[in-house]
>>> print(open('data-v6.cif').read())   # mmCIF, C-alpha atoms
data_query
#
loop_
_atom_site.label_atom_id
_atom_site.label_comp_id
_atom_site.auth_asym_id
_atom_site.auth_seq_id
_atom_site.Cartn_x
_atom_site.Cartn_y
_atom_site.Cartn_z
CA MET N 102 -36.06 -8.33 9.36
CA THR N 103 -38.11 -11.26 8.06
CA ILE N 104 -41.27 -10.35 6.21
CA SER N 105 -43.24 -12.01 3.41
CA PRO N 106 -43.19 -10.55 -0.11
CA ASP N 107 -46.93 -9.75 0.18
CA ASP N 108 -46.40 -7.84 3.42
CA ASP N 109 -43.42 -6.01 1.93
CA PHE N 110 -45.57 -5.01 -1.05
CA ALA N 111 -48.32 -3.91 1.33
CA ALA N 112 -45.74 -1.84 3.23
CA ALA N 113 -44.73 -0.16 -0.03
CA GLU N 114 -48.39 0.56 -0.86
CA TYR N 115 -48.84 1.99 2.65
CA ALA N 116 -45.86 4.29 2.16
CA LEU N 117 -47.12 5.29 -1.30
CA GLY N 118 -50.63 5.95 0.02
CA THR N 119 -52.38 3.64 -2.46
CA LEU N 120 -54.27 1.47 0.05
CA ASP N 121 -57.95 2.12 0.62
CA ALA N 122 -59.13 3.30 4.02
CA SER N 123 -59.95 -0.14 5.44
CA GLU N 124 -56.73 -1.77 4.26
CA ARG N 125 -54.68 1.13 5.55
CA ALA N 126 -56.41 0.92 8.93
CA THR N 127 -55.77 -2.83 9.09
CA LEU N 128 -52.09 -2.38 8.25
CA ALA N 129 -51.77 0.49 10.72
CA ALA N 130 -53.13 -1.77 13.45
CA ARG N 131 -50.80 -4.60 12.47
CA ARG N 132 -47.69 -2.43 12.54
CA LEU N 133 -48.37 -1.63 16.18
CA ARG N 134 -47.97 -5.28 17.15
CA GLU N 135 -45.60 -6.49 14.39
CA PRO N 136 -42.16 -4.82 14.64
CA ASP N 137 -40.94 -6.29 11.34
CA LEU N 138 -43.90 -4.86 9.43
CA ASP N 139 -43.44 -1.49 11.14
CA GLU N 140 -39.75 -1.51 10.17
CA ALA N 141 -40.64 -2.36 6.56
CA ILE N 142 -43.09 0.55 6.37
CA ARG N 143 -40.55 2.95 7.86
CA SER N 144 -37.91 1.71 5.45
CA TRP N 145 -40.17 2.33 2.46
CA GLU N 146 -41.14 5.76 3.78
CA GLU N 147 -37.48 6.74 4.17
CA ARG N 148 -36.60 5.52 0.67
CA LEU N 149 -39.54 7.23 -1.00
CA ALA N 150 -39.87 10.44 1.00
CA PRO N 151 -37.09 12.43 -0.78
CA LEU N 152 -38.59 11.65 -4.18
CA THR N 153 -42.32 11.99 -3.77
CA GLU N 154 -42.36 15.72 -4.36
CA ALA N 155 -40.67 15.29 -7.74
CA VAL N 156 -43.06 12.64 -9.07
CA PRO N 157 -45.47 14.00 -11.68
CA GLU N 158 -49.10 12.99 -11.70
CA ILE N 159 -49.32 9.63 -13.44
CA GLU N 160 -52.17 8.87 -15.83
CA PRO N 161 -52.98 5.26 -16.78
CA PRO N 162 -52.73 4.24 -20.43
CA ARG N 163 -55.69 5.41 -22.49
CA GLY N 164 -58.56 2.92 -22.33
CA LEU N 165 -57.20 0.96 -19.33
CA LEU N 166 -59.51 2.32 -16.64
CA PRO N 167 -62.68 2.19 -18.83
CA ALA N 168 -61.89 -1.43 -19.64
CA ILE N 169 -61.43 -2.30 -15.97
CA GLU N 170 -64.61 -0.44 -15.02
CA ALA N 171 -66.51 -2.34 -17.72
CA ARG N 172 -65.23 -5.60 -16.30
CA ILE N 173 -66.31 -4.51 -12.82
CA ARG N 174 -69.81 -3.65 -14.09
CA GLY N 175 -69.98 -6.98 -15.87
CA ALA N 176 -68.91 -8.80 -12.78
CA SER N 177 -71.45 -6.88 -10.71
CA SER N 178 -74.35 -7.86 -13.04
CA VAL N 179 -73.49 -11.53 -12.70
CA ALA N 180 -72.60 -11.75 -9.05
CA PRO N 181 -72.80 -8.46 -7.16
CA GLY N 182 -70.28 -8.12 -4.41
CA ASN N 183 -68.26 -11.18 -5.40
CA GLY N 184 -64.49 -11.46 -5.01
CA MET N 185 -63.77 -10.50 -8.64
CA ILE N 186 -64.69 -6.88 -7.93
CA VAL N 187 -62.30 -6.77 -5.03
CA GLU N 188 -59.56 -8.31 -7.12
CA LEU N 189 -60.09 -5.86 -9.97
CA GLU N 190 -60.03 -2.93 -7.58
CA ARG N 191 -56.78 -4.23 -6.14
CA SER N 192 -55.44 -4.53 -9.70
CA ILE N 193 -56.06 -0.81 -10.22
CA ARG N 194 -54.31 0.06 -6.98
CA ARG N 195 -51.39 -2.25 -7.78
CA TRP N 196 -51.02 -0.70 -11.22
CA ARG N 197 -50.92 2.73 -9.63
CA ALA N 198 -48.40 1.57 -7.04
CA THR N 199 -46.21 -0.03 -9.69
CA ALA N 200 -46.35 3.05 -11.91
CA ILE N 201 -45.49 5.37 -9.05
CA ALA N 202 -42.72 3.09 -7.82
CA ALA N 203 -41.28 2.94 -11.33
CA SER N 204 -41.24 6.73 -11.54
CA LEU N 205 -39.64 6.98 -8.12
CA PHE N 206 -37.03 4.42 -9.11
CA ALA N 207 -36.24 6.37 -12.29
CA GLY N 208 -36.01 9.54 -10.21
CA ALA N 209 -33.64 7.81 -7.81
CA LEU N 210 -31.44 6.73 -10.70
CA ALA N 211 -31.38 10.26 -12.07
CA ILE N 212 -30.52 11.73 -8.67
CA GLY N 213 -27.84 9.10 -8.16
CA PHE N 214 -26.34 9.86 -11.57
CA VAL N 215 -26.27 13.60 -10.87
CA ALA N 216 -24.75 13.03 -7.44
CA ARG N 217 -22.12 10.75 -8.91
CA GLU N 218 -21.22 13.22 -11.65
CA THR N 219 -21.04 16.20 -9.30
CA SER N 220 -18.97 14.32 -6.74
CA ARG N 221 -16.56 12.80 -9.25
CA GLN N 222 -13.03 14.03 -8.71
CA PRO N 223 -11.69 16.21 -11.55
CA ALA N 224 -8.76 14.94 -13.56
CA PRO N 225 -5.47 15.87 -11.91
CA ARG N 226 -3.92 19.01 -13.32
CA GLU N 227 -0.70 19.05 -11.33
CA TYR N 228 2.16 16.58 -11.65
CA VAL N 229 5.56 15.93 -10.14
CA ALA N 230 8.58 13.94 -11.31
CA ILE N 231 11.78 13.01 -9.52
CA LEU N 232 14.71 12.81 -11.91
CA GLN N 233 17.45 10.45 -10.85
CA LYS N 234 19.91 7.88 -12.12
CA ASP N 235 18.94 4.29 -11.39
CA ALA N 236 18.25 4.05 -7.63
CA ALA N 237 20.56 6.91 -6.69
CA SER N 238 19.50 9.92 -4.68
CA PRO N 239 17.06 12.31 -6.36
CA ALA N 240 18.88 14.81 -8.53
CA PHE N 241 16.05 17.13 -9.62
CA ALA N 242 12.36 17.65 -8.85
CA VAL N 243 10.07 18.67 -11.70
CA THR N 244 6.59 20.07 -11.07
CA VAL N 245 4.03 20.74 -13.81
CA ASN N 246 0.82 22.77 -13.70
CA LEU N 247 -1.26 22.02 -16.78
CA ASP N 248 -3.74 24.83 -16.13
CA LYS N 249 -0.95 27.40 -16.19
CA GLN N 250 1.07 25.41 -18.76
CA GLU N 251 4.12 25.87 -16.61
CA LEU N 252 7.00 23.65 -15.52
CA THR N 253 9.43 24.24 -12.68
CA VAL N 254 12.63 22.26 -12.16
CA ARG N 255 14.42 22.39 -8.80
CA PRO N 256 17.90 21.03 -8.05
CA VAL N 257 17.90 18.50 -5.21
CA ALA N 258 21.31 16.86 -4.96
CA ALA N 259 22.85 17.18 -8.41
CA GLN N 260 25.80 19.46 -9.12
CA ALA N 261 26.98 20.04 -12.66
CA PRO N 262 30.56 19.00 -13.47
CA PRO N 263 33.01 21.92 -13.59
CA GLY N 264 32.68 23.92 -16.79
CA LYS N 265 29.41 22.15 -17.75
CA SER N 266 25.69 22.80 -17.55
CA TYR N 267 22.67 20.59 -17.01
CA GLU N 268 19.86 20.87 -19.56
CA LEU N 269 16.29 19.58 -19.22
CA TRP N 270 14.55 17.84 -22.15
CA ILE N 271 11.05 16.56 -22.85
CA ILE N 272 11.01 13.26 -24.73
CA ASP N 273 7.99 11.70 -26.43
CA ALA N 274 7.49 9.78 -29.66
CA LYS N 275 4.87 12.30 -30.80
CA LEU N 276 7.45 15.07 -30.63
CA GLY N 277 10.10 13.30 -32.67
CA ALA N 278 13.50 14.44 -31.41
CA PRO N 279 13.92 15.51 -27.76
CA ARG N 280 12.91 19.12 -27.13
CA SER N 281 14.91 21.39 -24.83
CA LEU N 282 12.94 22.99 -22.00
CA CYS N 283 15.62 24.94 -20.18
CA VAL N 284 19.17 25.03 -18.88
CA ILE N 285 19.22 24.22 -15.18
CA GLY N 286 21.09 26.40 -12.73
CA ASP N 287 21.57 26.24 -8.99
CA THR N 288 18.10 27.67 -8.28
CA PRO N 289 14.58 26.71 -9.42
CA ARG N 290 14.00 27.39 -13.08
CA GLY N 291 10.68 27.75 -14.86
CA ALA N 292 9.70 26.88 -18.42
CA SER N 293 6.57 27.37 -20.53
CA LEU N 294 4.70 24.33 -21.85
CA SER N 295 2.24 26.26 -24.03
CA ALA N 296 3.71 24.75 -27.19
CA TYR N 297 2.89 21.19 -26.12
CA ASP N 298 -0.26 19.10 -26.00
CA PRO N 299 -1.24 18.56 -22.32
CA ALA N 300 -1.61 14.83 -22.97
CA VAL N 301 1.96 14.72 -24.28
CA VAL N 302 3.20 16.73 -21.31
CA ALA N 303 1.54 14.35 -18.84
CA GLY N 304 2.89 11.19 -20.46
CA ALA N 305 6.36 12.30 -21.60
CA THR N 306 9.74 11.36 -20.18
CA TYR N 307 11.85 14.15 -18.70
CA ALA N 308 15.61 13.87 -18.95
CA VAL N 309 18.70 15.85 -18.02
CA THR N 310 21.90 15.83 -20.03
CA VAL N 311 25.35 17.29 -19.43
CA GLU N 312 25.99 20.11 -21.89
CA PRO N 313 28.55 22.83 -22.57
CA PRO N 314 28.14 26.02 -20.53
CA GLY N 315 24.88 27.69 -21.49
CA GLY N 316 23.35 24.50 -22.95
CA SER N 317 23.46 22.50 -26.14
CA PRO N 318 24.91 24.51 -29.05
CA ASN N 319 22.78 22.82 -31.71
CA GLY N 320 19.44 22.18 -29.95
CA LYS N 321 20.15 18.46 -29.61
CA PRO N 322 21.34 16.47 -26.58
CA SER N 323 25.14 16.17 -26.56
CA GLY N 324 25.02 12.75 -24.94
CA THR N 325 22.79 10.23 -23.24
CA PRO N 326 20.67 11.46 -20.31
CA VAL N 327 22.21 11.22 -16.85
CA PHE N 328 18.93 11.69 -14.96
CA VAL N 329 15.43 10.68 -16.08
CA GLY N 330 11.93 10.53 -14.66
CA LYS N 331 8.19 10.42 -15.41
CA LEU N 332 5.43 12.63 -14.11
CA ILE N 333 2.97 11.28 -11.60
CA PRO N 334 -0.33 13.05 -10.81
CA VAL N 335 -0.77 14.99 -7.60
CA ALA N 336 -4.23 14.63 -6.04
CA PRO N 337 -6.31 17.79 -6.66
#
>>> encode(input="data-v6.cif", output="structure tokens")
Amino acid sequence: MTISPDDDFAAAEYALGTLDASERATLAARRLREPDLDEAIRSWEERLAPLTEAVPEIEPPRGLLPAIEARIRGASSVAPGNGMIVELERSIRRWRATAIAASLFAGALAIGFVARETSRQPAPREYVAILQKDAASPAFAVTVNLDKQELTVRPVAAQAPPGKSYELWIIDAKLGAPRSLCVIGDTPRGASLSAYDPAVVAGATYAVTVEPPGGSPNGKPSGTPVFVGKLIPVAP
């Protein structure tokens, strides 16, 4: 679509309803034989239609209209019917169009902001981690639900050495020493995370150590971790 800035402004005024009867009739006749102008008017009508009902009545600044009317009367006493009157009348209409368009634009921004905020995806509240050693096969799968403050660890391919147990730890600088979460058996095991900050839970490292049967006797890891992993968010 190729259309001059003046015609585009006239199309906006047509859609806003700020043209006088003769100008509107002229533009209505033109749009019948000028497809680009007709498309411009339709485009403005589509953009403005959803917002027009929400636009409050707009009053000009105090003193503006009396000043313009005084200028019109002054122009009329010097040269009745000259072009200045027409230009001043167009100035009033253009001010109205600009004010309305500004309100519509502000309304569009507000609607866009609300739509963006309501459509924004919530922060993920579920996480999963695969605990493994280097690039070896996954040993354990850890899932975390922050809303329920629960963790579940499931054995995948790891088997504890004879006479030993695996124990799961949460490791983060904010916690100081590693904290035990649970001793891992051959079936899924749950653990409560209510004692931990959700931000710490989401960013911590999870590690498994080999311990004596029943877990560490002193609440500290007996050796270096054999399997480690980090949580990654699961799309809500």
>>> residues_around(input="data-v6.cif", residues="segment 323-325 of chain N", least_positions_apart="6", cutoff="9 Å", atoms="all atoms listed in the file", output="VMD selection string")
chain N and resid 309 to 313 317
>>> atom_distance(input="data-v6.cif", atom1="atom CA of Pro322 of chain N", atom2="atom CA of Ile271 of chain N")
10.9 Å
>>> closest_residue(input="data-v6.cif", among="N:Ala292, N:Leu252, N:Leu133, N:Ala300", to="Asp273 of chain N", atoms="only C-alpha atoms")
N:Ala300
>>> residues_around(input="data-v6.cif", residues="Leu128 of chain N", least_positions_apart="6", cutoff="9 Å", atoms="only C-alpha atoms", output="PyMOL selection string")
chain N and resi 111-112+115+138
>>> write_last_selection(input="data-v6.cif", atoms="C-alpha atoms", output="PDB file, keeping the file's coordinate frame")
ATOM      1  CA  ALA N 111     -48.320  -3.910   1.330  1.00  0.00           C
ATOM      2  CA  ALA N 112     -45.740  -1.840   3.230  1.00  0.00           C
ATOM      3  CA  TYR N 115     -48.840   1.990   2.650  1.00  0.00           C
ATOM      4  CA  LEU N 138     -43.900  -4.860   9.430  1.00  0.00           C
TER       5      LEU N 138
END
>>> resolve_selection(input="data-v6.cif", expression="the PyMOL selection byres ((chain N and resi 253-264) around 8)", output="PDB file with C-alpha atoms, in the frame of the given file")
ATOM      1  CA  SER N 238      19.500   9.920  -4.680  1.00  0.00           C
ATOM      2  CA  PRO N 239      17.060  12.310  -6.360  1.00  0.00           C
ATOM      3  CA  ALA N 240      18.880  14.810  -8.530  1.00  0.00           C
ATOM      4  CA  PHE N 241      16.050  17.130  -9.620  1.00  0.00           C
ATOM      5  CA  ALA N 242      12.360  17.650  -8.850  1.00  0.00           C
ATOM      6  CA  VAL N 243      10.070  18.670 -11.700  1.00  0.00           C
ATOM      7  CA  THR N 244       6.590  20.070 -11.070  1.00  0.00           C
ATOM      8  CA  VAL N 245       4.030  20.740 -13.810  1.00  0.00           C
ATOM      9  CA  GLU N 251       4.120  25.870 -16.610  1.00  0.00           C
ATOM     10  CA  LEU N 252       7.000  23.650 -15.520  1.00  0.00           C
ATOM     11  CA  LYS N 265      29.410  22.150 -17.750  1.00  0.00           C
ATOM     12  CA  SER N 266      25.690  22.800 -17.550  1.00  0.00           C
ATOM     13  CA  TYR N 267      22.670  20.590 -17.010  1.00  0.00           C
ATOM     14  CA  ILE N 285      19.220  24.220 -15.180  1.00  0.00           C
ATOM     15  CA  GLY N 286      21.090  26.400 -12.730  1.00  0.00           C
ATOM     16  CA  ASP N 287      21.570  26.240  -8.990  1.00  0.00           C
ATOM     17  CA  THR N 288      18.100  27.670  -8.280  1.00  0.00           C
ATOM     18  CA  PRO N 289      14.580  26.710  -9.420  1.00  0.00           C
ATOM     19  CA  ARG N 290      14.000  27.390 -13.080  1.00  0.00           C
ATOM     20  CA  GLY N 291      10.680  27.750 -14.860  1.00  0.00           C
ATOM     21  CA  ALA N 292       9.700  26.880 -18.420  1.00  0.00           C
ATOM     22  CA  VAL N 311      25.350  17.290 -19.430  1.00  0.00           C
ATOM     23  CA  PRO N 313      28.550  22.830 -22.570  1.00  0.00           C
ATOM     24  CA  PRO N 314      28.140  26.020 -20.530  1.00  0.00           C
TER      25      PRO N 314
END
>>> atom_distance(input="data-v6.cif", atom1="atom CA of Gly304 of chain N", atom2="atom CA of Gly320 of chain N")
22.0 Å
>>> atom_distance(input="data-v6.cif", atom1="atom CA of Ser295 of chain N", atom2="atom CA of Gly316 of chain N")
21.2 Å
>>> axis_aligned_box(input="data-v6.cif", around="segment 274-288 of chain N", padding_each_side="6 Å", output="lines of an AutoDock Vina configuration file")
center_x = 13.2
center_y = 18.7
center_z = -20.5
size_x = 28.7
size_y = 29.9
size_z = 36.4
>>> closest_residue(input="data-v6.cif", among="N:Gly118, N:Pro326, N:Pro334, N:Pro299", to="Leu269 of chain N", atoms="all atoms listed in the file")
N:Pro326
>>> closest_residue(input="data-v6.cif", among="N:Val327, N:Leu294, N:Val302, N:Ala278", to="Asp235 of chain N", atoms="only C-alpha atoms")
N:Val327
>>> resolve_selection(input="data-v6.cif", expression="the PyMOL selection byres ((chain N and resi 303) around 10)", output="mmCIF file with C-alpha atoms, in the coordinates of the input")
data_model
loop_
_atom_site.group_PDB
_atom_site.id
_atom_site.type_symbol
_atom_site.label_atom_id
_atom_site.label_comp_id
_atom_site.auth_asym_id
_atom_site.auth_seq_id
_atom_site.Cartn_x
_atom_site.Cartn_y
_atom_site.Cartn_z
ATOM 1 C CA PRO N 225 -5.470 15.870 -11.910
ATOM 2 C CA ARG N 226 -3.920 19.010 -13.320
ATOM 3 C CA GLU N 227 -0.700 19.050 -11.330
ATOM 4 C CA TYR N 228 2.160 16.580 -11.650
ATOM 5 C CA VAL N 229 5.560 15.930 -10.140
ATOM 6 C CA VAL N 245 4.030 20.740 -13.810
ATOM 7 C CA ASN N 246 0.820 22.770 -13.700
ATOM 8 C CA LEU N 247 -1.260 22.020 -16.780
ATOM 9 C CA ASP N 298 -0.260 19.100 -26.000
ATOM 10 C CA PRO N 299 -1.240 18.560 -22.320
ATOM 11 C CA ALA N 300 -1.610 14.830 -22.970
ATOM 12 C CA VAL N 301 1.960 14.720 -24.280
ATOM 13 C CA VAL N 302 3.200 16.730 -21.310
ATOM 14 C CA GLY N 304 2.890 11.190 -20.460
ATOM 15 C CA ALA N 305 6.360 12.300 -21.600
ATOM 16 C CA THR N 306 9.740 11.360 -20.180
ATOM 17 C CA LYS N 331 8.190 10.420 -15.410
ATOM 18 C CA LEU N 332 5.430 12.630 -14.110
ATOM 19 C CA ILE N 333 2.970 11.280 -11.600
ATOM 20 C CA PRO N 334 -0.330 13.050 -10.810
#
